Structures are given as structure tokens and as C-alpha cells.
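Student: Supplied structure: my_file-v4.cif, mmCIF, C-alpha atoms and all ligand atoms.
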data_input
#
loop_
_atom_site.label_atom_id
_atom_site.label_comp_id
_atom_site.auth_asym_id
_atom_site.auth_seq_id
_atom_site.Cartn_x
_atom_site.Cartn_y
_atom_site.Cartn_z
CA MET T 1 127.91 92.49 120.02
CA SER T 2 130.94 93.57 118.08
CA SER T 3 132.64 96.73 119.26
CA VAL T 4 135.43 97.04 116.70
CA GLU T 5 135.56 99.81 114.18
CA VAL T 6 134.17 99.48 110.70
CA THR T 7 137.29 99.24 108.63
CA GLY T 8 138.09 97.02 105.74
CA PRO T 9 139.22 96.76 102.17
CA GLU T 10 138.38 99.31 99.55
CA PRO T 11 134.93 98.74 98.07
CA GLY T 12 134.97 96.16 95.37
CA LYS T 13 138.40 94.82 96.42
CA GLU T 14 138.78 91.60 98.25
CA GLY T 15 140.88 91.21 101.36
CA SER T 16 142.95 94.30 100.67
CA SER T 17 144.78 95.80 103.61
CA ALA T 18 143.22 99.23 103.23
CA GLY T 19 141.94 100.67 106.49
CA LYS T 20 143.33 100.47 109.99
CA GLY T 21 142.62 97.84 112.61
CA ARG T 22 140.90 94.52 112.19
CA GLU T 23 139.28 94.06 108.84
CA LEU T 24 135.62 93.36 109.05
CA TRP T 25 134.70 92.78 105.46
CA ASN T 26 136.26 90.73 102.73
CA TRP T 27 134.15 92.62 100.21
CA HIS T 28 131.66 95.44 100.65
CA PRO T 29 129.80 97.89 98.44
CA PRO T 30 131.06 101.48 98.30
CA PHE T 31 130.53 103.39 101.56
CA PRO T 32 128.47 105.32 102.38
CA MET T 33 125.74 103.19 100.90
CA PRO T 34 123.44 105.43 98.87
CA ARG T 35 120.36 106.85 100.52
CA SER T 36 116.95 105.83 99.26
CA PRO T 37 115.65 108.18 96.52
CA ILE T 38 112.32 108.33 98.39
CA ALA T 39 114.13 109.91 101.36
CA GLN T 40 115.69 112.65 99.25
CA TRP T 41 114.09 116.02 98.65
CA PRO T 42 113.02 117.17 96.13
CA ILE T 43 111.73 113.83 94.89
CA ARG T 44 112.94 113.06 91.36
CA PRO T 45 110.28 110.85 89.77
CA LEU T 46 112.52 109.52 86.97
CA ILE T 47 115.24 108.41 89.39
CA LEU T 48 112.58 106.88 91.58
CA LEU T 49 111.15 104.91 88.67
CA LYS T 50 114.61 103.82 87.54
CA ASN T 51 115.37 102.66 91.06
CA LEU T 52 112.07 100.79 91.27
CA LEU T 53 112.39 98.96 87.95
CA GLY T 54 116.20 98.71 87.98
CA GLY T 55 115.89 96.14 90.73
CA TRP T 56 114.00 93.89 88.28
CA PHE T 57 115.71 94.08 84.89
CA PRO T 58 117.45 92.70 82.95
CA ILE T 59 117.75 89.82 85.39
CA SER T 60 117.12 89.63 89.12
CA VAL T 61 116.04 87.37 91.94
CA LYS T 62 112.64 89.11 91.91
CA LEU T 63 112.15 88.33 88.23
CA PHE T 64 113.19 84.74 88.84
CA ILE T 65 110.66 84.41 91.67
CA ALA T 66 107.88 85.95 89.54
CA PHE T 67 108.68 83.35 86.90
CA VAL T 68 108.66 80.55 89.49
CA ALA T 69 105.32 81.83 90.85
CA ALA T 70 103.81 81.74 87.36
CA LEU T 71 105.04 78.17 86.81
CA THR T 72 103.82 77.19 90.27
CA TRP T 73 100.33 78.48 89.54
CA ALA T 74 100.22 76.94 86.07
CA TYR T 75 101.64 73.49 86.83
CA LEU T 76 102.16 72.91 90.55
CA THR T 77 98.97 74.13 92.23
CA PRO T 78 95.82 72.06 92.79
CA SER T 79 92.77 73.32 90.87
CA PRO T 80 90.18 75.60 92.53
CA ASP T 81 87.77 72.64 92.37
CA ASP T 82 90.09 70.81 94.75
CA THR T 83 91.03 73.73 96.99
CA ARG T 84 87.39 74.75 97.59
CA THR T 85 87.34 72.36 100.52
CA PHE T 86 90.18 71.43 102.83
CA SER T 87 91.46 67.91 102.36
CA SER T 88 94.69 66.23 103.36
CA GLY T 89 95.63 65.15 99.80
CA TRP T 90 96.13 68.56 98.21
CA ILE T 91 97.41 70.13 101.43
CA ALA T 92 100.14 67.46 101.63
CA TYR T 93 100.96 68.09 97.97
CA VAL T 94 101.43 71.85 98.59
CA PHE T 95 103.54 71.07 101.67
CA PHE T 96 105.93 68.75 99.79
CA ARG T 97 106.10 71.09 96.80
CA ASN T 98 107.15 73.93 99.14
CA LEU T 99 109.60 71.68 100.98
CA VAL T 100 111.27 70.72 97.70
CA MET T 101 111.28 74.31 96.43
CA LEU T 102 113.05 75.75 99.51
CA THR T 103 115.48 72.82 99.59
CA VAL T 104 116.41 73.30 95.94
CA VAL T 105 117.03 77.06 96.35
CA ALA T 106 118.73 77.13 99.79
CA GLY T 107 120.37 73.73 99.40
CA GLY T 108 121.56 74.52 95.89
CA LEU T 109 123.15 77.80 97.00
CA HIS T 110 124.71 76.12 100.03
CA LEU T 111 126.23 73.34 97.91
CA TYR T 112 127.55 75.77 95.32
CA LEU T 113 128.97 78.35 97.73
CA TYR T 114 129.82 76.48 100.93
CA THR T 115 130.21 72.78 100.16
CA PHE T 116 131.97 72.90 96.79
CA HIS T 117 133.28 76.50 97.21
CA ARG T 118 132.74 77.11 93.50
CA GLN T 119 133.25 80.82 94.07
CA ALA T 120 135.79 80.61 96.93
CA ASP T 121 135.52 83.97 98.79
CA HIS T 122 134.95 85.96 95.60
CA LEU T 123 132.42 88.75 96.38
CA ARG T 124 131.84 87.24 99.84
CA TYR T 125 131.17 89.79 102.57
CA GLU T 126 133.32 88.07 105.17
CA THR T 127 135.48 85.01 105.29
CA ARG T 128 134.60 83.49 108.66
CA PRO T 129 133.17 79.98 108.16
CA LEU T 130 129.70 78.84 109.15
CA GLN T 131 129.96 77.34 112.63
CA THR T 132 130.14 73.59 113.05
CA ASP T 133 130.75 73.27 116.80
CA SER T 134 128.93 75.91 118.78
CA ARG T 135 126.44 75.52 121.60
CA ARG T 136 124.68 78.61 120.35
CA PHE T 137 123.00 76.45 117.66
CA THR T 138 120.54 73.56 117.72
CA PHE T 139 122.58 70.36 117.11
CA ASN T 140 125.69 72.55 117.82
CA ASN T 141 125.90 73.14 114.09
CA GLN T 142 124.83 76.32 112.30
CA THR T 143 123.78 74.69 109.02
CA TYR T 144 121.83 71.85 110.68
CA ASP T 145 120.20 74.39 113.01
CA ASN T 146 119.20 76.61 110.10
CA ILE T 147 117.89 73.69 108.00
CA PHE T 148 115.87 72.41 110.96
CA TRP T 149 114.09 75.69 111.73
CA SER T 150 113.51 76.45 108.04
CA LEU T 151 111.96 73.07 107.27
CA ALA T 152 110.32 72.12 110.56
CA SER T 153 108.73 75.51 111.29
CA GLY T 154 109.03 77.65 108.14
CA VAL T 155 107.65 75.27 105.52
CA PRO T 156 104.56 74.20 107.54
CA LEU T 157 103.65 77.83 108.27
CA TRP T 158 104.32 78.95 104.68
CA THR T 159 102.07 76.07 103.57
CA ALA T 160 99.38 76.98 106.12
CA TYR T 161 99.16 80.54 104.77
CA GLU T 162 99.09 79.30 101.19
CA VAL T 163 96.44 76.65 101.88
CA VAL T 164 94.12 79.18 103.54
CA GLY T 165 94.72 81.63 100.66
CA LEU T 166 93.98 79.07 97.92
CA TRP T 167 90.87 77.94 99.78
CA ALA T 168 89.68 81.56 100.17
CA TYR T 169 90.26 82.42 96.47
CA ALA T 170 88.48 79.23 95.36
CA ASN T 171 85.45 80.17 97.45
CA GLY T 172 85.38 83.82 96.37
CA TYR T 173 86.24 85.07 99.86
CA LEU T 174 89.12 87.23 98.59
CA PRO T 175 88.73 90.05 96.04
CA THR T 176 90.00 88.63 92.75
CA ILE T 177 91.11 90.13 89.45
CA GLY T 178 92.22 88.45 86.24
CA TRP T 179 94.82 89.40 83.63
CA SER T 180 92.18 90.36 81.08
CA ASP T 181 90.29 92.64 83.53
CA HIS T 182 93.19 94.91 84.46
CA PRO T 183 96.48 93.95 82.73
CA VAL T 184 98.40 97.04 83.95
CA TRP T 185 97.29 96.59 87.56
CA PHE T 186 97.96 92.86 87.25
CA LEU T 187 101.61 93.59 86.37
CA ALA T 188 101.94 96.53 88.80
CA LEU T 189 101.05 94.24 91.69
CA PHE T 190 104.30 92.33 91.14
CA VAL T 191 106.16 95.57 91.93
CA ILE T 192 103.83 96.74 94.71
CA ILE T 193 103.74 93.47 96.66
CA PRO T 194 107.49 93.32 97.52
CA LEU T 195 107.39 96.99 98.50
CA PHE T 196 104.46 96.34 100.80
CA GLY T 197 106.31 93.29 102.13
CA ASN T 198 109.26 95.51 103.09
CA PHE T 199 106.96 98.10 104.68
CA HIS T 200 105.36 95.35 106.77
CA PHE T 201 108.75 93.74 107.56
CA TYR T 202 110.09 96.95 109.07
CA TRP T 203 107.31 97.16 111.65
CA ILE T 204 107.26 93.44 112.44
CA HIS T 205 111.01 93.56 112.81
CA ARG T 206 110.89 96.54 115.20
CA LEU T 207 108.29 94.67 117.24
CA ILE T 208 110.41 91.53 117.63
CA HIS T 209 113.42 93.59 118.66
CA TRP T 210 111.40 94.59 121.75
CA GLN T 211 113.41 92.82 124.48
CA PRO T 212 110.79 90.29 125.72
CA LEU T 213 110.07 89.18 122.14
CA TYR T 214 113.73 89.33 121.14
CA ALA T 215 114.71 87.03 124.01
CA ARG T 216 111.95 84.48 123.31
CA VAL T 217 111.59 84.69 119.54
CA HIS T 218 113.91 86.73 117.36
CA HIS T 219 117.20 85.69 118.99
CA LEU T 220 116.91 82.43 117.05
CA HIS T 221 117.40 84.21 113.72
CA HIS T 222 120.17 86.36 115.24
CA ARG T 223 122.23 83.33 116.23
CA ASN T 224 123.56 83.88 112.73
CA ILE T 225 126.10 86.69 112.70
CA VAL T 226 127.86 85.24 109.70
CA THR T 227 124.96 84.09 107.53
CA GLY T 228 124.53 81.36 104.94
CA PRO T 229 121.71 80.47 102.53
CA TRP T 230 119.83 78.40 105.10
CA SER T 231 119.93 81.29 107.64
CA GLY T 232 117.45 83.39 105.67
CA PHE T 233 114.30 81.49 106.60
CA SER T 234 115.62 80.13 109.91
CA MET T 235 113.26 81.66 112.44
CA HIS T 236 111.21 80.88 115.52
CA PRO T 237 107.62 79.78 114.65
CA VAL T 238 106.21 83.04 116.07
CA GLU T 239 108.53 85.00 113.78
CA HIS T 240 107.48 82.88 110.79
CA LEU T 241 103.85 83.60 111.64
CA LEU T 242 104.46 87.35 111.89
CA TYR T 243 106.88 87.55 108.95
CA LEU T 244 104.46 85.89 106.53
CA SER T 245 101.38 87.72 107.86
CA SER T 246 101.89 90.46 105.27
CA VAL T 247 99.73 88.32 102.95
CA ALA T 248 96.72 89.49 104.98
CA ILE T 249 96.80 92.53 102.66
CA HIS T 250 95.07 90.35 100.02
CA VAL T 251 91.88 90.61 102.09
CA ILE T 252 91.56 94.18 100.85
CA LEU T 253 93.85 94.19 97.80
CA ALA T 254 92.15 92.81 94.69
CA SER T 255 94.59 90.28 93.27
CA HIS T 256 94.93 86.89 91.61
CA PRO T 257 96.12 83.68 93.34
CA ILE T 258 99.33 84.01 91.32
CA HIS T 259 100.05 87.25 93.23
CA PHE T 260 99.37 85.51 96.52
CA ILE T 261 101.76 82.68 95.62
CA PHE T 262 104.35 85.25 94.45
CA HIS T 263 103.96 87.20 97.70
CA LEU T 264 104.74 84.13 99.83
CA GLN T 265 107.53 82.89 97.56
CA SER T 266 109.13 86.36 97.59
CA LYS T 267 109.27 86.30 101.37
CA VAL T 268 110.53 82.74 101.60
CA LEU T 269 112.88 82.33 98.63
CA GLN T 270 114.59 85.70 98.97
CA GLY T 271 115.76 84.65 102.44
CA PRO T 272 118.34 82.15 101.12
CA THR T 273 119.62 84.54 98.47
CA SER T 274 119.84 87.66 100.66
CA HIS T 275 121.53 85.74 103.51
CA ALA T 276 123.90 83.75 101.30
CA GLY T 277 126.72 86.10 102.35
CA PHE T 278 127.77 86.92 98.79
CA GLU T 279 127.03 90.03 96.77
CA LYS T 280 126.66 88.06 93.54
CA ILE T 281 126.68 84.50 92.41
CA THR T 282 129.22 84.14 89.63
CA ALA T 283 130.52 81.38 87.38
CA GLY T 284 133.94 81.34 89.05
CA THR T 285 136.36 83.57 90.87
CA GLU T 286 137.42 85.91 88.09
CA SER T 287 134.35 87.59 86.67
CA GLU T 288 132.34 90.32 88.40
CA ASN T 289 129.35 89.40 86.24
CA GLY T 290 126.67 87.34 87.85
CA LEU T 291 123.28 87.35 89.49
CA ALA T 292 123.01 89.96 92.28
CA ILE T 293 121.77 88.07 95.33
CA GLY T 294 123.29 89.91 98.29
CA ASP T 295 121.79 92.31 100.79
CA PHE T 296 124.65 94.14 102.51
CA PHE T 297 122.13 96.46 104.19
CA HIS T 298 120.71 93.46 106.08
CA GLN T 299 124.19 92.01 106.59
CA LEU T 300 124.92 95.10 108.71
CA HIS T 301 121.83 94.28 110.75
CA HIS T 302 123.19 90.79 111.49
CA ARG T 303 126.46 92.29 112.69
CA TYR T 304 125.19 95.31 114.62
CA PHE T 305 121.64 94.20 115.54
CA GLU T 306 120.01 97.56 116.24
CA CYS T 307 120.14 99.15 112.79
CA ASN T 308 118.76 98.61 109.29
CA TYR T 309 115.58 96.88 110.40
CA GLY T 310 113.93 97.29 107.00
CA GLU T 311 115.13 97.35 103.43
CA PRO T 312 116.56 100.39 101.60
CA ASP T 313 113.58 100.83 99.25
CA ILE T 314 111.35 101.81 102.21
CA PRO T 315 113.46 104.44 104.02
CA PHE T 316 112.05 104.09 107.53
CA ASP T 317 115.53 103.44 108.90
CA GLU T 318 116.67 106.80 107.54
CA TRP T 319 113.62 108.57 108.95
CA PHE T 320 113.76 106.93 112.39
CA GLY T 321 117.52 107.25 112.99
CA THR T 322 118.43 103.56 112.64
CA TYR T 323 120.20 103.76 109.27
CA HIS T 324 123.75 102.45 109.15
CA ASP T 325 125.41 103.39 105.86
CA GLY T 326 128.51 101.25 106.48
CA THR T 327 130.82 104.11 107.53
CA PRO T 328 132.38 104.64 111.01
CA GLU T 329 130.18 107.78 111.28
CA GLY T 330 127.12 105.65 110.51
CA LEU T 331 128.08 103.26 113.31
CA LYS T 332 128.58 106.16 115.76
CA HIS T 333 125.20 107.54 114.75
CA ILE T 334 123.28 104.32 115.42
CA ARG T 335 125.19 103.70 118.68
CA SER T 336 124.32 107.15 120.02
CA ASN T 337 120.68 106.59 119.07
CA MET T 338 120.77 103.22 120.83
CA LYS T 339 122.04 104.90 124.00
CA LYS T 340 119.14 107.35 123.87
CA ARG T 341 116.73 104.43 123.44
CA GLY T 342 118.40 102.50 126.26
CA VAL T 343 119.24 99.57 123.95
CA THR T 344 122.31 97.58 124.92
CA ARG T 345 122.72 95.09 122.05
CA GLY T 346 124.90 95.92 119.08
ZN ZN T 401 118.27 88.13 108.62
ZN ZN T 402 116.67 91.53 113.80
#
Please rewrite the model in this file as C-alpha cells.
Tutor:
Amino acid sequence: MSSVEVTGPEPGKEGSSAGKGRELWNWHPPFPMPRSPIAQWPIRPLILLKNLLGGWFPISVKLFIAFVAALTWAYLTPSPDDTRTFSSGWIAYVFFRNLVMLTVVAGGLHLYLYTFHRQADHLRYETRPLQTDSRRFTFNNQTYDNIFWSLASGVPLWTAYEVVGLWAYANGYLPTIGWSDHPVWFLALFVIIPLFGNFHFYWIHRLIHWQPLYARVHHLHHRNIVTGPWSGFSMHPVEHLLYLSSVAIHVILASHPIHFIFHLQSKVLQGPTSHAGFEKITAGTESENGLAIGDFFHQLHHRYFECNYGEPDIPFDEWFGTYHDGTPEGLKHIRSNMKKRGVTRG
């Protein structure tokens, strides 16, 4: 889509005039973005472990979602006695609980960052506004479009997966473990599940970039070149179905319903944070301290389309020649690979 060079301010500086030509980023991480430690040889186990756990502590979106999943299971999920059989009462309850949960997270971020501008453009990747008068979007409005597809398609399909999962656990159809059986494995699953989710996402994402599926399905998510919190889970119903299908792994992976709930919430609630368009959420415009929410790797995908299909912790993009590290050389590299593949977008 865009054909201008990747230039912009120095990493960590906002709106500086460093670089020639049109500036593309208001803020960006240092370029080149570091390669995944899994893709480097020889493998250094300590660095790998640090990378794996560093994304969790001392505070992170993942940790927050694990906490929310635990609370959801403890206080906001119907009992197995109820979920053993399908009935409209508890299914409606799960639907409204999910509707409220996504609205609080995406709506809260949108209000903070885009309605009240509490952070102005501090640590924002780019300064272009969300579109309010464009025929590209349903209702000609990017935010209304994104809210509509998230709530009208995303929440029902998220709920459908969760309802089937809760029903299957309650009936003993899914292999189940408890905290007291395998405490280490119980905790390890919280780390493994997001990694598996990213592994699955890469392949699903490659599939929906196949032109016939892109034109009918995935283009809806790619209406968003500049992204906001509601863009993250704004997808076509077929994409929602595919995107959340990673939970099928629980058919063979012994787990607890809390893991299943965490798996779905990770996929859904990380959308608003990673698409918010900001590297961190901070308490104002001065401090660099705050909660890391951004995903610049995926931001590059929204700008250049045919690169960075996965997430950096699973280095398929590096292995399959679709990795854009943010530099002009990185852009040349993915464009020459696109030519070889006969891809014209980007
Ligand atoms: Zn996206
Ligand atoms: Zn895509």
C-alpha cells in the first residue's frame, strides 16, 4: 500500500526530524528490531528462558490476563453442574460477561487514549487520527466499524468456543488436570498456551493472506492501517472462527478449564492492547514508565501487509523470509521476496 521509505525519528524520540523524507513513525523501538533468540545459533538456554519469562514479570498484559482468567473461573463462570447440559440461561450469562469484559478493556483504552487523550501522542507509533469519514469502513467510521465487528461477530464466536469447552470439561470429554495433580505443569501451561497460540496464528494468518480468502475475509481487519484498541478483535466471522480455533489443542492437551478460559481471553483481550497504537500506557506525557502494551512487530504488518505474519517469539517470519525488522533494508528484503512470490500488496 505505502511505497515511501522507512524513515523517522530516532528510536525512543518523538516526532524528531531525524531521517530523510516523510516521517512514518512518531515513536518506534530501536531498529533493527532484535531477532528472536530461538532463531539464533548456537541456542543460549539462559537467554531463551529470560526472554520467555521476561515477557511476564514484573508486570505485563499476559500476567493481567492470567489474573483475570483466574477471577473469571472463580467468580464469573457457571458451575460444572450447570454447564453439563446446554441451556440458554448460563450461555446468555457467559455471552454478556464476555461482552462486558471486551467493552471494559477496549472501551477503556479507547477512552483513555483517543477520547480524552490522556497520553497525547506520547509513545504513540504514529499520529494520524482514527478515521471518522471513510467509505472503507462500515458506518463510514473506523471506531464504529471496529466496535461492530468485535461485538457482533467476535463476542458470539468467543462465547460459542467457551460454551462448548465448558460443556466438554463438565462432561469429562476433555483431558483434565488439577493444580494438586501437577502444579508445575499447571503453571507451565500459562507460558505454553500463548506460545502455541502464536504458532497457530502464524499459519492461520498465512492462510487468510491467500488472495481469495484475503479478498473475502481478512481485508476487513486490514481496513485498519492506523490501528486503535477496537481494531484488535475487529475481524470477519470466518477469521474469528479460525483465529480462536487454536483452543482445539485442549482436545489432546491435558489442562484445566482455567487454562481454556485463559487461552481464549489471551487471544481476545490482547487484541485491544496490541493494536492500541501505543508502546506503553503511561500516567501522563512525561514518564517512560508504564505498562507495555504495544506490538510494533504487528504494527509493521498493518502498514506493509506481507510481512511479520506471526509474533517474534515464534520466528517463522525469520525462517520463511517475511521478517521486517523496521529498517529500509528489511523493507527491501520483504519486497523482493514478495516479487518472487508474485504478491502485489504492500
Ligand atoms: Zn492486526
Ligand atoms: Zn494480515
Student: From the set T:Asn337, T:Gly321, T:His205, T:Gln299, which residue has the shortest atom-to-atom contact distance to ligand ZN 402 (chain T), counting only C-alpha atoms and all ligand atoms?
Tutor: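 Counting only C-alpha atoms and all ligand atoms, the residue closest to ligand ZN 402 (chain T) is T:His205.
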Student: Could you list the protein, DNA and RNA residues that have any atom within 7 Å of ligand ZN 401 (chain T), counting only C-alpha atoms and all ligand atoms, and write them as a PyMOL selection string?
Tutor: chain T and resi 221+232+275+298+302
Student: If the limit is 9 Å from any atom of ligand ZN 402 (chain T), counting only C-alpha atoms and all ligand atoms, which residues qualify? Return them as a PyMOL selection string.
Tutor: chain T and resi 205-206+208-209+214+218-219+221-222+298+301-302+305-309
Student: Distance atom CA of T:Thr176-atom CA of T:Ala254, one decimal place?
Tutor: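 The value is 5.1 Å.
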Student: So which one's closest to T:Leu151, T:Leu130, T:Ala39, T:Ile204, T:Met101? Using only C-alpha atoms, please.
Tutor: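 For T:Leu151, the nearest of the candidates is T:Met101.
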Student: With distances taken over all atoms listed in the file, which of T:Asp313, T:Val100, T:Val217, T:Tyr304 is nearest to T:Gly330?
Tutor: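 Of the candidates, the smallest distance to T:Gly330 is held by T:Tyr304.
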Student: Give me, as a list in words, all polymer residues having an atom no more than 7 Å from stretch 81-90 of chain T, counting only C-alpha atoms and skipping those fewer than 3 positions away in the same chain.
Tutor: Pro78, Tyr93, Val94, Leu166, Trp167, Ala170 and Asn171 of chain T
Student: Around (116.1, 104.6, 98.6) in the file's own coordinates, what residues are found within 8 Å if you use all atoms listed in the file, given back as JSON, numbers by chain?
Tutor: {"T": [34, 35, 36, 37, 38, 39, 51, 312, 313, 314, 315]}
Student: So the first atom is atom CA of T:Ile225 and the second is atom CA of T:Phe262; what is the distance between them in Å, to one decimal place?
Tutor: 28.4 Å
Student: Using only C-alpha atoms, determine which residues lie at most 10 Å from T:Leu241, disregarding the query and same-chain residues fewer than 2 positions distant; provide the list as a list in words.
Tutor: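 With the cut-off at 10 Å, the set is Ser153, Gly154, Leu157, Trp158, Ala160, Tyr161, Met235, His236, Pro237, Val238, Glu239, Tyr243, Leu244, Ser245 and Ser246 of chain T.
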Student: Counting only C-alpha atoms, which residue out of T:Ser180, T:Ile261, T:Gln131, T:His240 sits closest to T:Leu76?
Tutor: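 So, comparing all the options, the nearest one is T:Ile261.
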Student: Return the single residue from T:Thr159, T:Ser266, T:Thr322, T:Thr103 that is closest to T:Ile193, with distances computed using only C-alpha atoms.
Tutor: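 Smallest distance to T:Ile193 is found for T:Ser266.
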Student: When you draw a straight line from atom CA of T:Leu49 to atom CA of T:Asn198, how long is it in Å?
Tutor: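 Those two atoms sit 17.3 Å apart.
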Student: Nearest to T:Tyr173: which of T:Leu53, T:Ile147, T:Ile252, T:Val191 is it, counting all atoms listed in the file?
Tutor: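 That would be T:Ile252, the residue with the smallest distance to T:Tyr173.
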Student: What's the 12 Å shell around T:Tyr144, counting all atoms listed in the file, without same-chain residues fewer than 4 positions away, as a ChimeraX atom specification?
Tutor: /T:107,110,130-134,137-140,148-152,228-231,234
Student: List every protein, DNA or RNA residue that has at least one atom no more than 8 Å from (123.3, 88.5, 94.7) in the file's coordinates, counting only C-alpha atoms, and write the result as a count of residues only.
Tutor: 13
